[in-house]
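To start, the structure itself, in structure tokens.
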Amino acid sequence: MGIPGQFSVTFNNPEYIDAEMNRIFRELGEENHLGDTVSLQDFAERAAHYVADVNAVHPFREGNGRCQLTLLDILMQVAGIEMIEDHIDEGEFMNAMISSFAGDQGPLVNAIIKMAG
């Protein structure tokens, strides 16, 4: 699925969405929904992994980015970290998601750290 004028990627096939989302949330549960992370860096690295996985599955036709930010906010709350919405740079987050889809989660880790203040 491509976004006209932005970039073109192929997300997960629809028939795999259910199994992949079950895998992601099972693994998140095994990590106590990141509630036991020991530092902001540790949290950001693990959260980037899961948010990038959800992005790759791309379960919705519209609203994936909003859902990813909502998931991230919930994970931050579980970990005792406050998301500072004024620190969310939409362009930076979008570019970080594109980088993570290409295998580089570094920009997403940095964006998550920035969101925490």
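Labeling convention for the structure tokens: chains A, B, ... as they appear, residues from 1 per chain, ligands from 1 in order of appearance.
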
Taking 3 positions as the minimum chain separation for residues in the same chain, which residues sit within 6 Å of Ala44 (chain A) when counting only C-alpha atoms? Answer as JSON, numbers by chain. {"A": [40, 41, 47, 48, 109, 112]}

Polymer residues at most 12 Å from Asp42 (chain A), only C-alpha atoms, same-chain spacing of 4 or more positions, as a PyMOL selection string: chain A and resi 34-38+46-49+76+79+109-110+112-113

Point-to-point distance in Å for CA of Ser100 (chain A) and CA of Lys114 (chain A):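 About the pair CA of Lys114 (chain A) and CA of Ser100 (chain A): they are 16.5 Å apart.
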
Please run DSSP on the backbone and report, as a ChimeraX atom specification, all residues within chain A that come out as alpha helix (DSSP H). /A:17-30,40-57,64-78,90-101,106-115

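Atom pair CA of Asn95 (chain A) / CA of Glu30 (chain A): separated by 28.9 Å.
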
Between A:Glu85, A:Val51, A:Met115, A:Ser39, which one has atoms that come closest to Asn64 (chain A), using only C-alpha atoms? A:Val51

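For the set A:Leu28, A:Ala111, A:Ile84, A:Val57, the residue with the smallest atom-to-atom gap to Ser99 (chain A) is A:Ala111, counting only C-alpha atoms.
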
Expected answer as a list in words: strand (DSSP E or B) residues in chain A: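 Taking chain A and keeping strand (DSSP E or B) gives Gly2, Ile3, Phe7 and Ser8 of chain A.
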
Those residues with C-alpha atoms, as a compact mmCIF listing (two decimals), in the first residue's frame please?
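Ended up saving to selection09.txt:
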# COMPACT_ATOMS: atom_id res chain seq x y z
CA GLY A 2 1.49 3.32 -0.97
CA ILE A 3 0.63 6.82 0.16
CA PHE A 7 6.38 6.82 -0.15
CA SER A 8 5.48 3.36 -1.26

CA of Tyr50 (chain A) to CA of Ile24 (chain A), distance in Å rounded to a single decimal: 6.9 Å

Min atom-atom distance to Ile81 (chain A) from the set A:Ala96, A:Ala116, A:Ala52, A:Ala102, counting only C-alpha atoms, belongs to A:Ala116

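You can rank A:Asp104, A:Glu92, A:Glu20, A:Glu15 by their closest distance to Asp53 (chain A) using only C-alpha atoms, and at the top of that list sits A:Glu20.
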